[in-house]
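K.L.:
Attaching a single structure in structure tokens format; questions to follow.
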Amino acid sequence: MNDPVVATMLILLLLGVGEFISIKSKARIPMLLVVMLGYLVLLWTGVFPKDLVGSSALTAFGALMVAPLIVHMGTLVPFKLLKAQIRAVFIALCGIIVAAVLVLLVVPLIFDYPSAVAGVGPLTGGTIAFILTIGRLQELGLVSLVTIPALVIAVQGLIGMPLATLYLRRHAYHIKRKLSSTENLEAAAASDVALIKDTNRKTWIPEKYQTNVMLLLQLFIGGSLAILLGNLTGISFSLWALVVGLVGALLGFYNDKMMDRSNSFGIAMVGLIIYSLGAMSDITPGMFVGYIPVVLTIMVVGVAGIIIGGILASKLMKWDLNKGVPVALTALFGFPGDYILCEEVSRSVGENEEERKAIFNEILTPMLVGGFTTVTTASIVIASILIQTI
């Protein structure tokens, strides 16, 4: 198993099983849950040697890709859509801010501050926030605390998706009762859907020169600049990387979805996941069981905070709570979970094609915007700031 090709194949096999289960369960069972729990079980039972991840040689690659990947995340944000859905942006931000504040206030009273910070980043976002958190914990030698963000990110979708579905179904029935305004709903939503599709940005580089190598060069230029600025200012490179991606996209240096265009996003994410598994190699069954109460507390307090923030912001924005709260809850699952939920709710509540289309168009845009706001951007900011306070 020490051969890099064999080691990588075994880890990819585990990732493949996780993807299969996620697809079969329609994202209700997150891939990361299967991968992380599966890896720990295989490690503890001796099936996987402790140095398997290191033998794969992809851990170094995963660490290398963090800054360019965050720059890429900045190029994903559709500014026209965010501007058109400013209420959804406000609700999503309020949800994760209230959640972070509550976790930081309540959890240290029961456990400790580092444990609270370890859970906040992954709770309010996705894989990148998780990677940033465990990287900082490793730097500080707090290896055991890696269990907390690992468990949080593994189970958050199991809690977030059913709750969001509950609220969305209520809103869907509300839409059905207003069938007389269906045409208006469709017209308003259709314009937003058009904005989602209209994400092509004019860039400085002519299309014929936008090869895979050139696109990767642009991302690494941004990543290098972010690291340089981080060293000069003392502000986390991850924050600078996100700013570089956002500003670069606005100014036209970057096109949208840079890593997707360079055909490197898939392998970059594989590298990051394998890198994160390496941080879990020292977790023992005792650590795992010992941190379950901490994780449960973080999840209960954090989810309550997201819902409370979503309710308060929805009232301020004069939105139906059943429409606003799911937008805030996207912090727990993001894309493609938000899209899948919209499809399933519209299909199960709508009795005919007209109703299904009206429901889908009404709920899709704010849900996608919620995911962009929380998982893609705000969670990186929150994680980058808080991990420096440990």
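Going by the structure tokens order, chains are called A, B, ..., each with residues numbered from 1, while ligands are numbered from 1 in the order shown.
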Show me, as a ChimeraX atom specification, the residues that have an atom within 8 Å of segment 327-334 of chain A when counting only C-alpha atoms, minus same-chain residues fewer than 3 positions from it.

P.N.:
/A:88,91-96,123-126,156-157,159-161,163-164,303,306-307,309-310,323-324,337-338,366-372,374-375

K.L.:
Do a neighbour search on Leu168 of chain A at 8 Å with only C-alpha atoms, toss out local chain neighbours closer than 6 positions, and write the hits as a compact mmCIF listing (two decimals) with N, CA and C atoms, in the first residue's frame.

P.N.:
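As written to disk, selection16.txt reads:
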```
# COMPACT_ATOMS: atom_id res chain seq x y z
N ASN A 322 -41.04 31.10 5.73
CA ASN A 322 -40.83 29.80 5.10
C ASN A 322 -40.01 29.91 3.82
N LYS A 323 -39.82 31.10 3.33
CA LYS A 323 -38.94 31.34 2.19
C LYS A 323 -37.56 31.78 2.66
N PRO A 326 -35.02 28.83 4.88
CA PRO A 326 -34.23 27.89 4.08
C PRO A 326 -33.03 28.55 3.41
N CYS A 342 -34.86 22.21 -4.27
CA CYS A 342 -35.84 22.97 -5.04
C CYS A 342 -36.57 22.07 -6.04
N VAL A 345 -38.95 19.61 -3.94
CA VAL A 345 -40.11 20.28 -3.35
C VAL A 345 -41.12 20.66 -4.42
N ILE A 363 -38.50 29.55 -5.79
CA ILE A 363 -37.59 29.20 -4.69
C ILE A 363 -36.14 28.99 -5.13
```

K.L.:
Between atom CA of Val98 of chain A and atom CA of Ile308 of chain A, measure the distance and give it in Å to one decimal.

P.N.:
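Between atom CA of Val98 of chain A and atom CA of Ile308 of chain A the gap is 7.4 Å.
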
K.L.:
In Å, how far is it from atom CA of Asp256 of chain A to atom CA of Pro78 of chain A?

P.N.:
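These atoms are spaced 8.3 Å apart.
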
K.L.:
Show me, as a PyMOL selection string, the residues that have an atom within 10 Å of Tyr254 of chain A when counting only C-alpha atoms, minus same-chain residues fewer than 3 positions from it.

P.N.:
chain A and resi 71-72+74-75+201-205+215+218-219+222+244-251+257-258

K.L.:
Near segment 230-240 of chain A, counting only C-alpha atoms, which residues have an atom at most 7 Å away, once you skip same-chain residues fewer than 3 positions from it, shown as a list in words?

P.N.:
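Non-adjacent residues within range: Ala67, Ile70, Ala226, Ile227, Val243, Val244, Val381 and Ser384 of chain A.
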
K.L.:
Point out the residue among A:Val143, A:Val34, A:Ile380, A:Val301 with the least atom-to-atom distance to Thr284 of chain A, counting only C-alpha atoms.

P.N.:
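Of A:Val143, A:Val34, A:Ile380, A:Val301, the one nearest Thr284 of chain A, counting only C-alpha atoms, is A:Val143.
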
K.L.:
Tell me, in Å to one decimal, how far atom CA of Leu341 of chain A is from atom CA of Leu14 of chain A.

P.N.:
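Between these atoms lies a distance of 25.8 Å.
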
K.L.:
I need the residues in segment 55-148 of chain A that are helix (DSSP H, G or I) according to DSSP; give them as an MDAnalysis selection string.

P.N.:
chainID A and resid 55 58:64 66:74 79:84 86:110 113:123 127:139 143:148

K.L.:
Check the smallest atom-to-atom distance from each of A:Gly271, A:Glu362, A:Tyr167, A:Glu353 to Ile311 of chain A using only C-alpha atoms, then report the winner.

P.N.:
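The closest residue to Ile311 of chain A is A:Tyr167.
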
K.L.:
Write out as a PyMOL selection string the residues lying within 12 Å of Met214 of chain A, counting only C-alpha atoms and excluding same-chain residues fewer than 2 positions away.

P.N.:
chain A and resi 205-212+216-221+253-255+258-259+261-263

K.L.:
Hey, what's within 8 Å of Ile298 of chain A if we count only C-alpha atoms and toss same-chain stuff fewer than 2 positions away? As a ChimeraX atom specification, please?

P.N.:
/A:103,107,116,119-120,294-296,300-302

K.L.:
Rank nothing, just name the residue among A:Ile267, A:Ala279, A:Val5, A:Leu316 nearest to Gln138 of chain A, using only C-alpha atoms.

P.N.:
A:Ala279

K.L.:
Nearest to Ile134 of chain A: which of A:Ile340, A:Val89, A:Val325, A:Ile273 is it, counting only C-alpha atoms?

P.N.:
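Looking only at the distances to Ile134 of chain A, the closest residue turns out to be A:Ile273.
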
K.L.:
Do a neighbour search on Ile390 of chain A at 9 Å with only C-alpha atoms, toss out local chain neighbours closer than 5 positions, and write the hits as a PyMOL selection string.

P.N.:
chain A and resi 113-114+117+136-137+140
